[in-house]
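So the structure is just underneath, and the comments pick up after that.
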Amino acid sequence: MKSVISTFLLLLLFGGAALAQNKAAVVKGKVLDNKDQPLPMATVMLLQAKDSVLSTFGMSDDKGAFALQKTSKGEYILQITFLGYQNFQKAVSITGMEESIEIGDVKLDEQSELLSEVVVQAEANPLNI
């Protein structure tokens with residue numbers, strides 16, 4: 001009977017340790033422009049590194065801060081997009097041992113394109129009376 005109880009306790013101990021190593025992590029950071037102003041409502045995504053499948057996503061708040069909750073162990077690509085700015089990508093590795101991964105400040109550069117000139121031509125309609 002004692003061996004059954006000790007075996008059960010060992011399984012419980014090692015099973016708990018295995019579960020503790022597979023914690024879900026929170027990926028945190030802040031999205032700023034190149035003038036250190038926050039970019040609210042920026043789209044923040046975690047894509048699986050092997051096939052770019054969306055794992056989780058969120059948006060930055062009014063202060064540019066984001067937190068992607070319940071991120072499981074694996075290799076990811078962090079992608080941040082905001083209209084009028086260049087996309088940002090960074091490889092992120094989650095081992096399952098950490099509770100939080102701090103990305104820090106992510107600065108997005110403005111995206112500008114020089115467009116060709118536009119010529120508008122029109123003809124006046126002759127008046128018929």
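Labeling convention for the structure tokens: chains A, B, ... as they appear, residues from 1 per chain, ligands from 1 in order of appearance.
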Residue contacts of Thr71 (chain A) (7 Å, only C-alpha atoms) excluding same-chain residues fewer than 4 positions away, as a PDB file with N, CA and C atoms, in the first residue's frame:
ATOM      1  N   ALA A  24       1.541  29.144 -20.490  1.00  0.00           N
ATOM      2  CA  ALA A  24       1.247  30.085 -21.560  1.00  0.00           C
ATOM      3  C   ALA A  24       1.882  31.416 -21.200  1.00  0.00           C
ATOM      4  N   ALA A  25       2.530  32.038 -22.153  1.00  0.00           N
ATOM      5  CA  ALA A  25       3.223  33.303 -21.922  1.00  0.00           C
ATOM      6  C   ALA A  25       2.414  34.466 -22.487  1.00  0.00           C
ATOM      7  N   VAL A  26       2.704  35.643 -21.968  1.00  0.00           N
ATOM      8  CA  VAL A  26       2.113  36.880 -22.467  1.00  0.00           C
ATOM      9  C   VAL A  26       3.210  37.635 -23.208  1.00  0.00           C
TER      10      VAL A  26
END
Excluding Lys90 (chain A) and residues on its chain fewer than 6 positions from it, collect all residues at most 12 Å away from it, counting only C-alpha atoms, and give them as a VMD selection string.
-> chain A and resid 44 to 49 75 to 80 103 to 104 106
Of the residues A:Ser52, A:Thr43, A:Ser72, A:Gln86, which is the one nearest to Leu108 (chain A), using only C-alpha atoms?
-> A:Gln86
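In this structure, CA of Ser93 (chain A) sits 17.6 Å away from CA of Phe66 (chain A).
When only C-alpha atoms are used to measure the gap to Asp62 (chain A), the shortest distance among A:Gly84, A:Gly29, A:Gly74, A:Pro38 belongs to A:Pro38.
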DSSP-assigned strand (DSSP E or B) members of region 29-123 of chain A, reported as a PyMOL selection string = chain A and resi 29-33+38+43-48+54-59+65-71+74-81+85+88-94+100-108+110
Name all residues at most 8 Å from Ala67 (chain A) (count only C-alpha atoms; drop same-chain ones fewer than 2 positions away) and give them as a ChimeraX atom specification.
-> /A:26-29,58,60,65,69
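With CA of Val53 (chain A) on one side and CA of Leu68 (chain A) on the other, the separation reads 15.8 Å.
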